[in-house]
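Text of protein-v3.txt, listed as compact mmCIF, C-alpha atoms and all ligand atoms:
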# COMPACT_ATOMS: atom_id res chain seq x y z
CA MET K 1 -41.55 -11.51 -33.00
CA GLU K 2 -37.78 -11.42 -32.78
CA THR K 3 -36.40 -10.10 -29.48
CA PRO K 4 -34.28 -6.98 -30.19
CA SER K 5 -30.64 -7.38 -29.25
CA ILE K 6 -29.86 -5.42 -26.12
CA MET K 7 -26.19 -5.35 -27.13
CA ALA K 8 -26.96 -3.74 -30.49
CA THR K 9 -29.17 -1.02 -29.08
CA THR K 10 -27.38 0.01 -25.89
CA ILE K 11 -23.66 -0.02 -26.62
CA PRO K 12 -22.55 2.84 -28.89
CA PRO K 13 -19.76 2.06 -31.36
CA ARG K 14 -16.27 2.87 -30.16
CA THR K 15 -14.86 6.13 -31.45
CA ASP K 16 -11.39 6.66 -32.93
CA ALA K 17 -10.50 8.67 -29.82
CA GLN K 18 -11.39 5.73 -27.56
CA ASP K 19 -9.28 3.42 -29.73
CA ASP K 20 -6.36 5.86 -29.55
CA GLU K 21 -6.71 6.05 -25.78
CA ALA K 22 -6.83 2.26 -25.42
CA LEU K 23 -3.67 1.91 -27.53
CA MET K 24 -1.89 4.57 -25.53
CA LEU K 25 -2.86 3.01 -22.19
CA ALA K 26 -1.71 -0.43 -23.36
CA ALA K 27 1.66 1.08 -24.32
CA VAL K 28 1.90 2.91 -20.99
CA ARG K 29 1.12 -0.29 -19.05
CA GLU K 30 3.97 -2.01 -20.87
CA LEU K 31 6.40 0.85 -20.19
CA VAL K 32 5.38 0.88 -16.54
CA ALA K 33 5.84 -2.89 -16.15
CA LYS K 34 9.21 -2.96 -17.91
CA ARG K 35 10.82 0.35 -16.98
CA VAL K 36 9.03 2.06 -14.07
CA ALA K 37 8.01 -0.71 -11.64
CA PRO K 38 11.51 -2.23 -11.42
CA ARG K 39 12.93 1.20 -10.44
CA ALA K 40 10.24 2.33 -7.96
CA ALA K 41 11.87 1.08 -4.73
CA GLU K 42 15.29 2.41 -5.73
CA ILE K 43 13.88 5.84 -6.70
CA ASP K 44 12.30 6.06 -3.24
CA GLU K 45 15.41 4.79 -1.46
CA ARG K 46 17.83 7.15 -3.22
CA ALA K 47 15.42 10.09 -3.31
CA GLU K 48 16.65 10.94 -6.80
CA PHE K 49 14.68 12.38 -9.69
CA PRO K 50 14.60 9.65 -12.38
CA MET K 51 15.77 11.66 -15.39
CA ASP K 52 15.82 8.46 -17.48
CA LEU K 53 12.09 8.05 -16.91
CA LYS K 54 11.44 11.72 -17.74
CA ASN K 55 13.21 11.06 -21.05
CA LEU K 56 11.24 7.84 -21.56
CA PHE K 57 7.94 9.64 -21.00
CA ALA K 58 9.05 12.45 -23.32
CA GLU K 59 9.98 9.97 -26.09
CA ASN K 60 6.53 8.44 -25.74
CA ASP K 61 4.70 11.79 -25.92
CA LEU K 62 3.33 11.57 -22.38
CA LEU K 63 4.32 15.04 -21.20
CA GLY K 64 1.85 17.18 -23.13
CA ILE K 65 -1.18 14.94 -23.55
CA PRO K 66 -3.97 17.56 -23.29
CA ILE K 67 -1.86 20.34 -24.86
CA PRO K 68 -3.21 21.27 -28.34
CA SER K 69 -1.13 19.92 -31.21
CA GLU K 70 -0.43 23.43 -32.59
CA TYR K 71 1.65 23.96 -29.44
CA GLY K 72 3.49 20.67 -29.72
CA GLY K 73 1.19 18.63 -27.49
CA LEU K 74 -0.70 15.47 -28.31
CA GLY K 75 -4.08 17.20 -28.48
CA GLY K 76 -5.54 14.44 -26.31
CA THR K 77 -8.17 14.69 -23.60
CA PHE K 78 -7.86 15.31 -19.87
CA LEU K 79 -9.52 11.94 -19.42
CA THR K 80 -6.64 10.22 -21.22
CA TYR K 81 -4.17 12.31 -19.25
CA VAL K 82 -5.57 11.26 -15.85
CA LYS K 83 -5.64 7.61 -16.92
CA VAL K 84 -1.96 7.81 -17.85
CA VAL K 85 -1.04 9.40 -14.49
CA GLU K 86 -3.06 6.66 -12.75
CA GLU K 87 -1.24 3.87 -14.62
CA ILE K 88 2.19 5.23 -13.70
CA ALA K 89 1.19 5.88 -10.08
CA LYS K 90 0.12 2.24 -9.67
CA ALA K 91 3.83 1.41 -9.70
CA CYS K 92 5.61 4.63 -8.73
CA ALA K 93 4.02 7.77 -7.33
CA SER K 94 7.20 9.85 -7.78
CA SER K 95 7.33 8.99 -11.48
CA SER K 96 3.66 9.83 -11.99
CA LEU K 97 4.49 13.37 -10.85
CA ILE K 98 6.80 13.80 -13.83
CA VAL K 99 3.68 13.78 -16.02
CA ALA K 100 1.37 15.57 -13.55
CA VAL K 101 3.70 18.45 -12.62
CA GLN K 102 4.71 19.08 -16.23
CA GLU K 103 0.98 19.61 -16.82
CA LEU K 104 0.65 21.82 -13.73
CA GLY K 105 3.56 24.02 -14.83
CA MET K 106 2.29 24.33 -18.40
CA LEU K 107 -1.32 25.15 -17.54
CA PRO K 108 -0.75 28.80 -16.50
CA ILE K 109 0.71 29.44 -19.97
CA LEU K 110 -2.06 27.52 -21.71
CA ILE K 111 -4.77 29.28 -19.69
CA GLY K 112 -3.34 32.80 -19.32
CA GLY K 113 -0.64 33.08 -21.95
CA SER K 114 -0.61 35.18 -25.12
CA GLU K 115 -0.26 33.47 -28.48
CA ALA K 116 3.44 34.46 -28.54
CA GLN K 117 4.04 33.04 -25.04
CA LYS K 118 2.30 29.78 -25.94
CA ARG K 119 4.38 29.43 -29.09
CA GLN K 120 7.59 30.27 -27.25
CA TYR K 121 7.20 27.91 -24.28
CA LEU K 122 4.63 25.17 -24.78
CA PRO K 123 6.40 23.17 -27.52
CA LYS K 124 9.59 22.88 -25.42
CA LEU K 125 7.53 21.79 -22.39
CA ALA K 126 5.22 19.40 -24.21
CA SER K 127 8.22 17.67 -25.81
CA GLY K 128 9.99 17.40 -22.46
CA GLU K 129 13.01 19.36 -23.71
CA TRP K 130 12.32 21.71 -20.80
CA ILE K 131 10.94 20.88 -17.36
CA CYS K 132 8.53 23.28 -15.66
CA ALA K 133 7.14 24.07 -12.21
CA TYR K 134 4.35 26.07 -10.59
CA ALA K 135 5.26 28.42 -7.73
CA LEU K 136 2.32 29.62 -5.63
CA THR K 137 3.01 28.51 -2.04
CA GLU K 138 4.93 30.57 0.51
CA ALA K 139 5.83 30.04 4.16
CA SER K 140 2.88 32.16 5.27
CA SER K 141 0.53 31.34 2.41
CA GLY K 142 -0.35 27.71 1.83
CA SER K 143 -4.10 27.31 2.11
CA ASP K 144 -4.64 31.08 2.24
CA ALA K 145 -2.92 31.42 -1.11
CA ALA K 146 -4.08 34.97 -1.89
CA GLY K 147 -4.47 36.58 1.53
CA SER K 148 -0.96 36.07 2.85
CA MET K 149 1.20 36.19 -0.29
CA ARG K 150 4.39 38.21 0.33
CA THR K 151 6.39 37.81 -2.89
CA ARG K 152 6.34 41.19 -4.63
CA ALA K 153 6.72 42.10 -8.30
CA GLU K 154 7.43 45.73 -9.13
CA HIS K 155 7.05 47.09 -12.62
CA ARG K 156 10.23 48.96 -13.61
CA GLY K 157 10.56 50.05 -17.21
CA ASP K 158 10.23 47.05 -19.48
CA SER K 159 10.76 44.55 -16.64
CA TYR K 160 9.28 43.35 -13.39
CA VAL K 161 11.54 42.87 -10.38
CA LEU K 162 10.57 39.95 -8.15
CA ASN K 163 11.52 39.66 -4.49
CA GLY K 164 10.39 36.89 -2.16
CA THR K 165 10.55 33.18 -1.42
CA LYS K 166 8.37 30.31 -2.55
CA ILE K 167 8.41 26.98 -0.73
CA TRP K 168 7.29 23.42 -1.49
CA ILE K 169 7.92 23.86 -5.19
CA THR K 170 7.75 20.46 -6.83
CA HIS K 171 10.53 20.07 -9.44
CA GLY K 172 11.71 23.63 -8.71
CA SER K 173 15.37 22.53 -8.66
CA ILE K 174 15.26 20.89 -12.08
CA ALA K 175 12.83 23.24 -13.82
CA ASP K 176 13.96 25.28 -16.80
CA VAL K 177 10.94 27.51 -16.43
CA VAL K 178 8.66 28.30 -13.49
CA CYS K 179 5.27 30.04 -13.43
CA VAL K 180 5.48 32.34 -10.42
CA PHE K 181 2.67 34.23 -8.67
CA ALA K 182 3.52 37.55 -6.99
CA VAL K 183 1.77 40.62 -5.60
CA THR K 184 1.83 43.62 -7.94
CA ASP K 185 -0.71 45.73 -5.99
CA PRO K 186 -1.06 44.93 -2.27
CA SER K 187 -4.15 47.15 -1.96
CA LYS K 188 -6.23 44.86 -4.18
CA GLY K 189 -6.12 41.49 -2.36
CA PRO K 190 -6.50 38.54 -4.75
CA ASN K 191 -6.95 41.00 -7.62
CA GLY K 192 -3.50 42.46 -6.94
CA ILE K 193 -1.69 39.20 -7.75
CA SER K 194 -0.01 38.64 -11.13
CA ALA K 195 1.57 35.64 -12.82
CA PHE K 196 4.99 35.51 -14.50
CA ILE K 197 6.98 33.09 -16.61
CA VAL K 198 10.45 32.94 -15.04
CA GLU K 199 13.34 31.12 -16.68
CA LYS K 200 15.99 29.57 -14.46
CA ASP K 201 18.70 31.74 -16.04
CA PHE K 202 17.02 35.05 -15.21
CA ALA K 203 19.24 37.12 -12.89
CA GLY K 204 18.15 36.84 -9.24
CA PHE K 205 16.55 33.38 -9.51
CA HIS K 206 18.00 30.93 -6.98
CA VAL K 207 17.15 27.40 -5.87
CA GLY K 208 17.14 27.06 -2.06
CA ASN K 209 16.81 24.13 0.35
CA LYS K 210 15.54 20.74 -0.75
CA GLU K 211 12.94 19.13 1.53
CA ARG K 212 13.54 15.72 3.11
CA LYS K 213 10.15 14.07 2.81
CA MET K 214 8.09 11.14 4.04
CA GLY K 215 7.05 10.12 0.54
CA ILE K 216 7.28 10.98 -3.17
CA ARG K 217 10.99 11.04 -2.45
CA GLY K 218 12.03 10.80 -6.11
CA SER K 219 10.34 14.11 -6.82
CA PRO K 220 12.46 17.07 -5.66
CA THR K 221 10.61 19.70 -3.62
CA VAL K 222 12.51 22.93 -3.00
CA GLU K 223 12.50 26.52 -1.90
CA LEU K 224 12.89 29.14 -4.65
CA ASN K 225 14.38 32.54 -3.88
CA PHE K 226 13.78 35.64 -5.96
CA ASN K 227 16.35 38.27 -5.05
CA GLY K 228 15.71 41.21 -7.34
CA CYS K 229 14.88 38.72 -10.08
CA ILE K 230 14.52 40.55 -13.39
CA VAL K 231 11.66 39.28 -15.51
CA PRO K 232 10.90 40.86 -18.91
CA ALA K 233 7.48 42.55 -18.88
CA SER K 234 6.63 40.40 -21.90
CA ASN K 235 6.65 37.41 -19.50
CA LEU K 236 3.64 38.68 -17.53
CA LEU K 237 0.83 36.14 -18.00
CA GLY K 238 -2.47 37.82 -18.85
CA ALA K 239 -2.95 41.31 -17.42
CA GLU K 240 -1.68 42.63 -14.11
CA GLY K 241 -4.00 41.44 -11.33
CA GLU K 242 -5.22 38.35 -13.19
CA GLY K 243 -2.68 36.03 -11.56
CA PHE K 244 -4.82 34.61 -8.78
CA LYS K 245 -7.67 33.71 -11.13
CA ILE K 246 -5.15 32.03 -13.44
CA ALA K 247 -3.74 30.13 -10.44
CA MET K 248 -7.21 28.91 -9.44
CA LYS K 249 -8.20 27.94 -12.99
CA VAL K 250 -4.99 25.94 -13.21
CA LEU K 251 -5.84 24.07 -9.99
CA ASP K 252 -9.28 23.22 -11.42
CA LYS K 253 -7.48 21.28 -14.16
CA SER K 254 -4.51 20.01 -12.16
CA ARG K 255 -6.32 18.68 -9.07
CA PRO K 256 -7.73 15.81 -11.16
CA GLY K 257 -4.09 14.94 -11.98
CA ILE K 258 -3.29 14.60 -8.28
CA ALA K 259 -6.54 12.68 -7.79
CA ALA K 260 -5.30 10.33 -10.53
CA GLN K 261 -2.00 9.92 -8.74
CA ALA K 262 -3.87 9.09 -5.52
CA LEU K 263 -6.16 6.64 -7.31
CA GLY K 264 -3.18 4.93 -8.95
CA ILE K 265 -1.41 4.54 -5.61
CA ALA K 266 -4.59 3.02 -4.11
CA ALA K 267 -5.14 0.68 -7.06
CA GLY K 268 -1.49 -0.47 -6.95
CA ALA K 269 -1.72 -1.19 -3.22
CA LEU K 270 -5.02 -3.03 -3.61
CA ASP K 271 -3.60 -5.16 -6.40
CA TYR K 272 -0.57 -6.10 -4.32
CA ALA K 273 -2.61 -6.83 -1.20
CA ALA K 274 -5.15 -8.93 -3.14
CA ASN K 275 -2.44 -11.09 -4.71
CA TYR K 276 -0.80 -11.52 -1.32
CA ALA K 277 -4.13 -12.51 0.25
CA LYS K 278 -4.59 -15.22 -2.40
CA GLU K 279 -1.19 -16.74 -1.67
CA ARG K 280 -0.51 -16.28 2.01
CA VAL K 281 -1.92 -19.18 4.02
CA ALA K 282 -2.99 -19.04 7.67
CA PHE K 283 -5.14 -21.43 9.66
CA GLY K 284 -5.16 -23.81 6.68
CA LYS K 285 -6.39 -21.49 3.91
CA PRO K 286 -5.39 -18.33 1.99
CA ILE K 287 -5.94 -15.31 4.25
CA GLY K 288 -8.28 -13.72 1.66
CA GLN K 289 -10.68 -16.60 2.34
CA HIS K 290 -10.95 -15.48 5.96
CA GLN K 291 -13.82 -13.04 6.24
CA GLY K 292 -11.77 -10.47 8.17
CA VAL K 293 -9.38 -10.03 5.25
CA GLY K 294 -11.88 -10.77 2.46
CA PHE K 295 -14.28 -8.06 3.63
CA LEU K 296 -11.39 -5.61 4.02
CA LEU K 297 -10.44 -6.24 0.38
CA ALA K 298 -14.09 -5.89 -0.65
CA ASP K 299 -14.27 -2.42 0.92
CA MET K 300 -10.93 -1.41 -0.60
CA LYS K 301 -12.09 -2.46 -4.08
CA THR K 302 -15.42 -0.65 -3.74
CA GLU K 303 -13.72 2.57 -2.63
CA VAL K 304 -11.19 2.44 -5.48
CA GLU K 305 -13.92 1.95 -8.10
CA ALA K 306 -16.10 4.71 -6.59
CA ALA K 307 -13.14 7.11 -6.58
CA ARG K 308 -12.35 6.20 -10.20
CA LEU K 309 -15.88 7.02 -11.37
CA LEU K 310 -15.74 10.42 -9.65
CA LEU K 311 -12.32 11.19 -11.10
CA TYR K 312 -13.22 10.23 -14.67
CA GLU K 313 -16.35 12.40 -14.47
CA ALA K 314 -14.22 15.33 -13.22
CA ALA K 315 -11.81 14.79 -16.13
CA ARG K 316 -14.74 14.78 -18.59
CA LYS K 317 -15.85 18.09 -17.05
CA CYS K 318 -12.35 19.48 -17.74
CA ASP K 319 -12.65 18.32 -21.36
CA GLU K 320 -16.11 19.88 -21.75
CA GLY K 321 -15.09 23.14 -20.06
CA ALA K 322 -18.06 22.60 -17.73
CA PRO K 323 -19.05 25.53 -15.50
CA ASP K 324 -18.91 23.34 -12.36
CA VAL K 325 -15.40 22.04 -12.98
CA THR K 326 -14.10 23.67 -9.77
CA LEU K 327 -16.56 21.59 -7.72
CA TRP K 328 -15.82 18.34 -9.54
CA ALA K 329 -12.06 18.78 -9.41
CA ALA K 330 -12.27 19.37 -5.65
CA MET K 331 -14.55 16.35 -5.10
CA ALA K 332 -12.25 14.10 -7.15
CA LYS K 333 -9.16 15.24 -5.24
CA LEU K 334 -10.93 14.84 -1.89
CA LYS K 335 -12.28 11.37 -2.59
CA CYS K 336 -9.21 9.95 -4.31
CA GLY K 337 -6.82 11.34 -1.68
CA ASP K 338 -8.82 9.88 1.19
CA VAL K 339 -9.21 6.56 -0.62
CA ALA K 340 -5.45 6.42 -1.28
CA MET K 341 -4.68 6.91 2.41
CA ALA K 342 -7.29 4.41 3.63
CA VAL K 343 -6.56 1.73 1.04
CA THR K 344 -2.77 1.86 1.41
CA THR K 345 -3.11 1.70 5.22
CA ASP K 346 -5.35 -1.36 4.85
CA ALA K 347 -2.94 -2.90 2.35
CA VAL K 348 -0.19 -2.68 4.98
CA GLN K 349 -2.61 -4.38 7.40
CA VAL K 350 -3.31 -7.22 4.95
CA LEU K 351 0.41 -7.92 4.68
CA GLY K 352 0.85 -7.70 8.45
CA GLY K 353 4.51 -7.47 9.51
CA PHE K 354 5.63 -7.77 5.88
CA GLY K 355 3.51 -4.71 5.08
CA TYR K 356 5.59 -2.71 7.54
CA SER K 357 8.85 -3.79 5.90
CA ALA K 358 10.61 -1.80 3.17
CA GLU K 359 11.13 -5.15 1.39
CA TYR K 360 7.51 -4.88 0.25
CA PRO K 361 6.06 -1.92 -1.71
CA VAL K 362 2.94 -1.16 0.34
CA GLU K 363 4.71 0.84 3.08
CA ARG K 364 6.13 3.10 0.34
CA MET K 365 2.67 3.41 -1.16
CA MET K 366 1.25 4.39 2.24
CA ARG K 367 3.96 7.05 2.69
CA ASP K 368 3.37 8.31 -0.87
CA ALA K 369 -0.41 8.44 -0.38
CA LYS K 370 -0.23 10.96 2.47
CA ILE K 371 0.85 13.89 0.32
CA THR K 372 -2.24 13.55 -1.88
CA GLN K 373 -4.29 14.70 1.13
CA ILE K 374 -2.08 17.78 1.47
CA TYR K 375 -0.77 19.28 -1.78
CA GLU K 376 -2.72 21.10 -4.48
CA GLY K 377 -5.02 22.14 -1.66
CA THR K 378 -5.47 20.19 1.57
CA GLN K 379 -8.55 18.01 2.01
CA GLN K 380 -9.91 20.80 4.24
CA ILE K 381 -9.53 23.30 1.36
CA GLN K 382 -11.31 20.88 -1.00
CA ARG K 383 -14.21 20.73 1.48
CA LEU K 384 -14.22 24.53 1.61
CA VAL K 385 -14.41 24.73 -2.19
CA ILE K 386 -17.15 22.07 -2.30
CA SER K 387 -19.23 23.69 0.43
CA ARG K 388 -18.92 27.11 -1.23
CA ALA K 389 -20.22 25.55 -4.45
CA ILE K 390 -23.26 24.33 -2.51
CA VAL K 391 -24.08 27.25 -0.22
CA GLY K 392 -21.89 30.11 -1.49
CA LYS K 393 -19.03 31.96 0.19
CA GLY K 394 -21.17 34.50 2.05
CA LYS K 395 -20.06 37.98 3.00
CA PRO K 396 -18.16 38.97 6.14
CA PRO K 397 -20.61 40.31 8.76
CA THR K 398 -21.01 44.10 8.66
CA PRO K 399 -20.01 45.75 11.92
CA ALA K 400 -22.99 46.89 14.04
N1 LIG W 1 -11.66 29.90 -11.11
C1 LIG W 1 -11.72 31.24 -11.40
N2 LIG W 1 -11.72 32.21 -10.46
C2 LIG W 1 -11.67 31.81 -9.19
C3 LIG W 1 -11.62 30.46 -8.80
C4 LIG W 1 -11.63 29.48 -9.83
N3 LIG W 1 -11.58 28.18 -9.55
N4 LIG W 1 -11.59 30.38 -7.46
C5 LIG W 1 -11.63 31.65 -7.00
N5 LIG W 1 -11.66 32.50 -8.06
C6 LIG W 1 -11.76 33.97 -8.01
C7 LIG W 1 -12.99 34.41 -7.22
O1 LIG W 1 -14.13 34.45 -8.06
C8 LIG W 1 -12.57 35.76 -6.72
O2 LIG W 1 -12.73 36.70 -7.77
P1 LIG W 1 -13.47 38.16 -7.52
O3 LIG W 1 -12.62 38.86 -6.52
O4 LIG W 1 -13.46 38.79 -8.86
O5 LIG W 1 -14.83 37.82 -6.99
C9 LIG W 1 -11.08 35.61 -6.46
O6 LIG W 1 -10.64 34.49 -7.28
C10 LIG W 1 -10.76 35.30 -5.02
O7 LIG W 1 -11.44 34.09 -4.69
P2 LIG W 1 -11.92 33.75 -3.22
O8 LIG W 1 -12.59 34.96 -2.63
O9 LIG W 1 -12.69 32.48 -3.26
O10 LIG W 1 -10.50 33.55 -2.50
P3 LIG W 1 -10.15 33.04 -1.06
O11 LIG W 1 -9.02 33.86 -0.57
O12 LIG W 1 -11.39 32.91 -0.21
O13 LIG W 1 -9.49 31.56 -1.29
C11 LIG W 1 -9.25 29.26 -1.86
C12 LIG W 1 -9.91 30.62 -2.16
C13 LIG W 1 -10.14 28.25 -2.54
C14 LIG W 1 -9.17 28.95 -0.38
C15 LIG W 1 -7.84 29.27 -2.49
O14 LIG W 1 -6.99 30.16 -1.79
C16 LIG W 1 -7.20 27.90 -2.52
O15 LIG W 1 -7.50 27.09 -3.40
N6 LIG W 1 -6.25 27.62 -1.59
C17 LIG W 1 -5.44 26.42 -1.66
C18 LIG W 1 -4.19 26.69 -2.46
C19 LIG W 1 -3.62 25.47 -3.09
O16 LIG W 1 -4.31 24.59 -3.57
N7 LIG W 1 -2.29 25.43 -3.15
C20 LIG W 1 -1.62 24.33 -3.80
C21 LIG W 1 -0.30 24.78 -4.32
S1 LIG W 1 0.22 23.90 -5.76
C22 LIG W 1 0.80 22.40 -5.26
O17 LIG W 1 0.62 21.96 -4.16
C23 LIG W 1 1.42 21.64 -6.37
C24 LIG W 1 2.41 20.61 -6.07
O18 LIG W 1 3.27 20.70 -5.21
C25 LIG W 1 2.40 19.41 -6.92
As a first step, turn the structure in this file into structure tokens.
Ligand code: CAA
Amino acid sequence: METPSIMATTIPPRTDAQDDEALMLAAVRELVAKRVAPRAAEIDERAEFPMDLKNLFAENDLLGIPIPSEYGGLGGTFLTYVKVVEEIAKACASSSLIVAVQELGMLPILIGGSEAQKRQYLPKLASGEWICAYALTEASSGSDAAGSMRTRAEHRGDSYVLNGTKIWITHGSIADVVCVFAVTDPSKGPNGISAFIVEKDFAGFHVGNKERKMGIRGSPTVELNFNGCIVPASNLLGAEGEGFKIAMKVLDKSRPGIAAQALGIAAGALDYAANYAKERVAFGKPIGQHQGVGFLLADMKTEVEAARLLLYEAARKCDEGAPDVTLWAAMAKLKCGDVAMAVTTDAVQVLGGFGYSAEYPVERMMRDAKITQIYEGTQQIQRLVISRAIVGKGKPPTPA
């Protein structure tokens, strides 16, 4: 009897979508090698937003990958989107944020917007004609995003008037449009927060101080001031009081983007360290052949691949609209952020003194990795989200 072919029975045929994704990733790898990697050190050094790369990504349809085609996006999957962010981040973390933050800024409109709002804003954002940002964080409300929010929005006639200050707003200084979260009813806690689409030309919108940062220096992070900022009531996203839930649903889809950035940084650092370890000779052989370095690289590789599997599963959950997407997004962000920090630190170690020098890219990668453990929810917040998914939030104790 003929032995059945294992290959024929276990490997499903490739789908058109997989072929499209492979073609896109091959094109992105080429763009990254030719246009992004050569600029990465300079972008970091000059701390300047690379507008040329934003235009390059826009020309190559990378800014609206999972946005449906009827709104000008590519109609691709979240899985493809995270793989693209990862590829760019292997060479330049700042540049990967151009893709990731455009997604973050668009998601409130995609998730909470009316048909008219989607048609008005998404095509300009997906094409890259406009840049967008997401403004949730305030000086007193980082992790406790709902409980300590101070920015107020008052309904007056056919407008809302916004007063307050947002901080740490990625791309806030270059954004044409910002999705802003503000309190409309302070008596209702998280259910008294609403979301607004604010254009940079609306009266009372001002860009404040720019942060000087350890890493992702080519990605401007600023304060935004709303001084009696007049926003048409038609720019309210969803209904009054739905803003916090919109903000959280956005993070469920955007945290995998930051996880992808973290994974890319780790993979780029591993690649550089591995090549170095093959070439650098000490005690008569390449340092990778010494067990101390070889085992370090083995652990780095294993962690990167484990993080990748978790991230891709989280992205699939986003595509499926799975009910446990909050959990998976948090786990992906937690794992990939921690792997990025550990792997880049070890990559510096593999290069020794050269790793500590700005002449080599791994010190930049290590500085860039740190933010992935902080923004879009600190690692402690991810653990909170994960533990609540396991054991629930619980109720505050009732006074005796
Ligand atoms: N989807 C839908 N609804 C959600 C939700 C989700 N993922 N998470 C919470 N909600 C709902 C809850 O069900 C609850 O609704 P009800 O009142 O109807 O029951 C409501 O929202 C309030 O939720 P919680 O009680 O869980 O709220 P909480 O105050 O305990 O805080 C938190 C929850 C998870 C800690 C949240 O505040 C959080 O994620 N904090 C971190 C904020 C963060 O990530 N900031 C990043 C800023 S963006 C950034 O960094 C971007 C950048 O620069 C690139």
So which one's closest to ligand LIG 1 (chain W), K:Lys370, K:Lys188, K:Arg29, K:Arg280? Using all atoms listed in the file, please.
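The answer is K:Lys188, which sits nearest to ligand LIG 1 (chain W).
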Smallest atom-to-atom distance to Ile287 (chain K): which of K:Leu125, K:Met331, K:Val343, K:Leu351, using all atoms listed in the file?
K:Leu351
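Of the listed residues K:Gly192, K:Gly147, K:Gly238, K:Gly284, the one whose atoms come nearest to ligand LIG 1 (chain W) is K:Gly147, with distances taken using only C-alpha atoms and all ligand atoms.
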Just how far from CA of Ile374 (chain K) is CA of Ile197 (chain K), in Å to one decimal?
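If I compute the distance from CA of Ile197 (chain K) to CA of Ile374 (chain K), I get 25.4 Å.
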Would you work out the distance separating CA of Lys54 (chain K) from CA of Val99 (chain K), expressed in Å to one decimal?
8.2 Å
Write out as JSON lines the residues of region 274-374 of chain K that have any atom within 7 Å of an atom of region 258-264 of chain K, one row each with the nearest atom pair and its distance in Å to one decimal, counting all atoms listed in the file, sorted by chain and then rising number.
{"residue": "K:Val304", "atom": "CA", "partner": "K:Leu263", "partner_atom": "CA", "distance": 6.8}
{"residue": "K:Arg308", "atom": "CA", "partner": "K:Leu263", "partner_atom": "CA", "distance": 6.8}
{"residue": "K:Leu311", "atom": "CA", "partner": "K:Ala259", "partner_atom": "CA", "distance": 6.8}
{"residue": "K:Ala332", "atom": "CA", "partner": "K:Ala259", "partner_atom": "CA", "distance": 5.9}
{"residue": "K:Lys333", "atom": "CA", "partner": "K:Ala259", "partner_atom": "CA", "distance": 4.5}
{"residue": "K:Cys336", "atom": "CA", "partner": "K:Ala259", "partner_atom": "CA", "distance": 5.2}
{"residue": "K:Gly337", "atom": "CA", "partner": "K:Ala262", "partner_atom": "CA", "distance": 5.3}
{"residue": "K:Ala340", "atom": "CA", "partner": "K:Ala262", "partner_atom": "CA", "distance": 5.3}
{"residue": "K:Ala369", "atom": "CA", "partner": "K:Ala262", "partner_atom": "CA", "distance": 6.2}
{"residue": "K:Thr372", "atom": "CA", "partner": "K:Ala262", "partner_atom": "CA", "distance": 6.0}
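All residues of protein, DNA or RNA that reach within 12 Å of Pro186 (chain K), judged by all atoms listed in the file and not counting those fewer than 6 positions away in the chain, are Ala146, Gly147, Ser148, Met149, Arg150, Thr151, Arg152, Ala153, Glu154, Gly192, Ile193, Ser194 and Gly241 of chain K.
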For the residues selected in the previous step, produce a file with C-alpha atoms as a PDB file, in the frame of the given file.
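Output (selection.pdb):
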ATOM      1  CA  ALA K 146      -4.080  34.970  -1.890  1.00  0.00           C
ATOM      2  CA  GLY K 147      -4.470  36.580   1.530  1.00  0.00           C
ATOM      3  CA  SER K 148      -0.960  36.070   2.850  1.00  0.00           C
ATOM      4  CA  MET K 149       1.200  36.190  -0.290  1.00  0.00           C
ATOM      5  CA  ARG K 150       4.390  38.210   0.330  1.00  0.00           C
ATOM      6  CA  THR K 151       6.390  37.810  -2.890  1.00  0.00           C
ATOM      7  CA  ARG K 152       6.340  41.190  -4.630  1.00  0.00           C
ATOM      8  CA  ALA K 153       6.720  42.100  -8.300  1.00  0.00           C
ATOM      9  CA  GLU K 154       7.430  45.730  -9.130  1.00  0.00           C
ATOM     10  CA  GLY K 192      -3.500  42.460  -6.940  1.00  0.00           C
ATOM     11  CA  ILE K 193      -1.690  39.200  -7.750  1.00  0.00           C
ATOM     12  CA  SER K 194      -0.010  38.640 -11.130  1.00  0.00           C
ATOM     13  CA  GLY K 241      -4.000  41.440 -11.330  1.00  0.00           C
TER      14      GLY K 241
END
Taking all atoms listed in the file into account, name the residue in K:Ala26, K:Leu79, K:Ile167, K:Leu53 that is nearest to Gly257 (chain K).
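Closest candidate: K:Leu79.
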Here's a test: counting all atoms listed in the file, identify every protein, DNA and RNA residue with an atom at most 9 Å from (-9.8, 25.8, -20.0) in the file's coordinate frame, and state them as a PyMOL selection string.
chain K and resi 107+110-111+249-250+252-253+318-321
